[in-house]
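> The file below is query33.tsv, TSV, C-alpha atoms:
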chain	number	residue	atom	x	y	z
A	192	MET	CA	-8.10	-17.17	5.91
A	193	ASN	CA	-8.70	-18.96	2.62
A	194	LEU	CA	-6.85	-18.53	-0.65
A	195	ILE	CA	-8.53	-19.05	-4.00
A	196	GLY	CA	-6.18	-19.77	-6.87
A	197	ASP	CA	-2.60	-20.91	-7.40
A	198	VAL	CA	0.19	-18.57	-6.29
A	199	LYS	CA	3.08	-21.04	-6.39
A	200	ASP	CA	6.19	-19.33	-7.81
A	201	LYS	CA	4.21	-16.17	-8.57
A	202	VAL	CA	4.43	-12.55	-7.45
A	203	ALA	CA	1.45	-11.57	-5.29
A	204	VAL	CA	0.19	-8.01	-4.85
A	205	LEU	CA	-2.10	-7.19	-1.92
A	206	VAL	CA	-4.11	-3.98	-2.37
A	207	ASP	CA	-6.10	-2.28	0.38
A	208	ASP	CA	-7.51	1.15	1.07
A	209	MET	CA	-5.96	1.45	4.52
A	210	ILE	CA	-3.36	-0.18	6.74
A	211	ASP	CA	-3.98	0.41	10.44
A	212	THR	CA	-2.36	-2.29	12.61
A	213	ALA	CA	-1.40	-4.37	9.52
A	214	GLY	CA	-2.79	-7.57	11.03
A	215	THR	CA	-5.00	-8.61	8.12
A	216	ILE	CA	-2.57	-7.74	5.34
A	217	THR	CA	0.33	-9.46	7.16
A	218	ASN	CA	-1.74	-12.60	7.73
A	219	ALA	CA	-2.68	-12.61	4.05
A	220	ALA	CA	1.00	-12.33	3.10
A	221	LYS	CA	1.88	-15.26	5.36
A	222	VAL	CA	-0.81	-17.38	3.67
A	223	LEU	CA	0.53	-16.42	0.24
A	224	HIS	CA	4.08	-17.39	1.26
A	225	ALA	CA	2.84	-20.66	2.76
A	226	GLU	CA	1.15	-21.42	-0.55
A	227	GLY	CA	4.38	-20.80	-2.47
A	228	ALA	CA	4.28	-17.17	-3.59
A	229	ARG	CA	7.75	-16.05	-4.67
A	230	GLU	CA	7.29	-12.41	-3.59
A	231	VAL	CA	4.52	-10.47	-1.84
A	232	TYR	CA	3.93	-6.74	-2.22
A	233	ALA	CA	1.53	-4.63	-0.16
A	234	CYS	CA	-0.10	-1.46	-1.52
A	235	ALA	CA	-2.44	0.89	0.34
A	236	THR	CA	-3.74	4.41	-0.05
A	237	HIS	CA	-3.83	5.39	3.61
A	238	ALA	CA	-1.24	4.22	6.16
A	239	VAL	CA	-2.49	4.87	9.69
A	240	LEU	CA	0.27	2.60	11.06
A	241	SER	CA	-1.01	2.10	14.60
A	242	PRO	CA	1.24	-0.15	16.70
A	243	PRO	CA	2.29	-2.87	15.93
A	244	ALA	CA	1.93	-2.07	12.20
A	245	THR	CA	5.55	-1.09	11.58
A	246	ALA	CA	6.88	-4.25	13.25
A	247	ARG	CA	4.49	-6.42	11.22
A	248	LEU	CA	5.19	-4.73	7.90
A	249	SER	CA	8.96	-4.84	8.37
A	250	SER	CA	9.01	-8.46	9.57
A	251	GLY	CA	10.25	-9.79	6.23
A	252	VAL	CA	6.99	-11.06	4.73
A	253	PHE	CA	6.81	-8.21	2.17
A	254	GLN	CA	9.21	-7.50	-0.66
A	255	GLU	CA	7.94	-3.91	-0.62
A	256	VAL	CA	5.18	-1.92	1.10
A	257	ILE	CA	3.88	0.94	-1.05
A	258	ILE	CA	1.70	3.66	0.45
A	259	THR	CA	0.74	7.27	-0.29
A	260	ASN	CA	1.39	10.31	1.84
A	261	THR	CA	-2.30	11.05	2.52
A	262	ILE	CA	-1.38	10.53	6.19
A	263	PRO	CA	2.11	11.65	7.31
A	264	VAL	CA	4.40	8.77	8.29
A	265	LYS	CA	6.54	9.43	11.36
A	266	THR	CA	10.28	9.05	10.87
A	267	GLU	CA	10.39	6.20	13.38
A	268	ASP	CA	7.81	4.30	11.29
A	269	HIS	CA	10.02	4.20	8.19
A	270	PHE	CA	11.71	0.91	7.32
A	271	PRO	CA	13.76	-0.27	4.32
A	272	GLU	CA	10.87	-1.96	2.45
A	273	LEU	CA	8.62	1.12	2.72
A	274	THR	CA	7.96	3.31	-0.33
A	275	VAL	CA	5.86	6.46	0.15
A	276	LEU	CA	4.32	7.98	-2.98
A	277	SER	CA	3.19	11.60	-3.08
A	278	VAL	CA	-0.37	12.53	-4.00
A	279	ALA	CA	0.57	16.22	-4.43
A	280	ASN	CA	0.45	16.27	-8.24
A	281	LEU	CA	-2.87	14.42	-8.32
A	282	LEU	CA	-4.46	16.79	-5.81
A	283	GLY	CA	-3.02	19.85	-7.55
A	284	GLU	CA	-4.27	18.73	-10.95
A	285	THR	CA	-7.71	17.99	-9.52
A	286	ILE	CA	-7.97	21.41	-7.88
A	287	TRP	CA	-6.84	23.10	-11.10
A	288	ARG	CA	-9.44	21.19	-13.16
A	289	VAL	CA	-12.27	21.94	-10.74
A	290	TYR	CA	-11.32	25.63	-10.67
A	291	ASN	CA	-11.25	25.75	-14.48
A	292	ALA	CA	-14.45	23.70	-14.92
A	293	SER	CA	-12.52	20.92	-16.68
A	294	SER	CA	-13.08	17.19	-16.48
A	295	VAL	CA	-11.76	15.52	-13.36
A	296	GLN	CA	-12.72	12.10	-14.71
A	297	SER	CA	-10.08	12.32	-17.44
A	298	ILE	CA	-7.34	12.26	-14.76
A	299	LEU	CA	-8.17	8.63	-14.07
For the file at hand, write its structure as C-alpha cells.

Amino acid sequence: MNLIGDVKDKVAVLVDDMIDTAGTITNAAKVLHAEGAREVYACATHAVLSPPATARLSSGVFQEVIITNTIPVKTEDHFPELTVLSVANLLGETIWRVYNASSVQSIL
C-alpha cells in the first residue's frame, strides 16, 4: 500500500462505503501511523463486520470508528471506539419528500 502526501503529526480520516472484514481499512491505518499520523479515524456507511473485523477495528489503530445503522450491529461486535449513527431521520425525511413530491436533492 502506498501513501501519497505528508501525514506527519496530522489527523487522518479514512472514508469507505463498507467495512466487511476491515482488512484494507486497518492496513491503511497502520500505514498512516507508520508515516507519523497523530490520530486515525475510520468512517463507513455500511458495517458488515464479518470476522475478524471487530478484532481489527478495536486493535488500537483507530481513535474512533464511525458507522451508520444501515446494517444492525450485534451487541458482541460493539467496542469502545465504535460510534453508530442513525439514518432514521434521513430516511424519514426522504420518504416524506417523495410522498409530497418535494425535492430530495435539497436534503444533501
> Around (0.1, 13.6, -4.6), as given in the file, which residues come within 12 Å? Count all atoms listed in the file and list them as a list in words.
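The answer, in the requested form, is Thr236, Ile258, Thr259, Asn260, Thr261, Ile262, Val275, Leu276, Ser277, Val278, Ala279, Asn280, Leu281, Leu282, Gly283, Glu284, Thr285 and Ile286 of chain A.
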> Just C-alpha atoms for this one: save the residues we selected as a PDB file, keeping the file's coordinate frame.

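out_0.pdb, freshly written:
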ATOM      1  CA  THR A 236      -3.740   4.410  -0.050  1.00  0.00           C
ATOM      2  CA  ILE A 258       1.700   3.660   0.450  1.00  0.00           C
ATOM      3  CA  THR A 259       0.740   7.270  -0.290  1.00  0.00           C
ATOM      4  CA  ASN A 260       1.390  10.310   1.840  1.00  0.00           C
ATOM      5  CA  THR A 261      -2.300  11.050   2.520  1.00  0.00           C
ATOM      6  CA  ILE A 262      -1.380  10.530   6.190  1.00  0.00           C
ATOM      7  CA  VAL A 275       5.860   6.460   0.150  1.00  0.00           C
ATOM      8  CA  LEU A 276       4.320   7.980  -2.980  1.00  0.00           C
ATOM      9  CA  SER A 277       3.190  11.600  -3.080  1.00  0.00           C
ATOM     10  CA  VAL A 278      -0.370  12.530  -4.000  1.00  0.00           C
ATOM     11  CA  ALA A 279       0.570  16.220  -4.430  1.00  0.00           C
ATOM     12  CA  ASN A 280       0.450  16.270  -8.240  1.00  0.00           C
ATOM     13  CA  LEU A 281      -2.870  14.420  -8.320  1.00  0.00           C
ATOM     14  CA  LEU A 282      -4.460  16.790  -5.810  1.00  0.00           C
ATOM     15  CA  GLY A 283      -3.020  19.850  -7.550  1.00  0.00           C
ATOM     16  CA  GLU A 284      -4.270  18.730 -10.950  1.00  0.00           C
ATOM     17  CA  THR A 285      -7.710  17.990  -9.520  1.00  0.00           C
ATOM     18  CA  ILE A 286      -7.970  21.410  -7.880  1.00  0.00           C
TER      19      ILE A 286
END
> Smallest atom-to-atom distance to Tyr232 in chain A: which of A:Ser249, A:Val256, A:Ala213, A:Phe270, using only C-alpha atoms?
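Between A:Ser249, A:Val256, A:Ala213, A:Phe270, the residue approaching Tyr232 in chain A most closely is A:Val256.
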> What's around Asp268 in chain A at 12 Å? Count only C-alpha atoms, leave out sequence neighbours fewer than 4 positions away in its own chain, and write the answer as a list in words.
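Close residues of Asp268 in chain A: Ala238, Val239, Leu240, Ser241, Pro242, Pro243, Ala244, Thr245, Ala246, Arg247, Leu248, Ser249, Pro263, Val264, Glu272, Leu273, Thr274 and Val275 of chain A.
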> Would you compute the distance between CA of Val198 in chain A and CA of Ala228 in chain A? Give it in Å to one decimal.
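That distance, rounded to one decimal, is 5.1 Å.
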> What gap, in Å, lies between CA of Arg229 in chain A and CA of Thr217 in chain A?
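Separation of CA of Arg229 in chain A and CA of Thr217 in chain A: 15.4 Å.
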> Could you check the closest approach to Val204 in chain A for each of A:Ile216, A:Lys265, A:Ala233, A:Lys221 and tell me which residue wins, using all atoms listed in the file?
A:Ala233
> Which is closest to Gly214 in chain A among A:Ser250, A:Asp200, A:Glu226, A:Ile195, if we use only C-alpha atoms?
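Under the stated criterion, the closest residue is A:Ser250.
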> Under the rule that all atoms listed in the file are counted, which of A:Phe253, A:Val295, A:Arg288, A:Met192 is the nearest residue to Thr215 in chain A?
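Smallest separation from Thr215 in chain A among the options: A:Met192.
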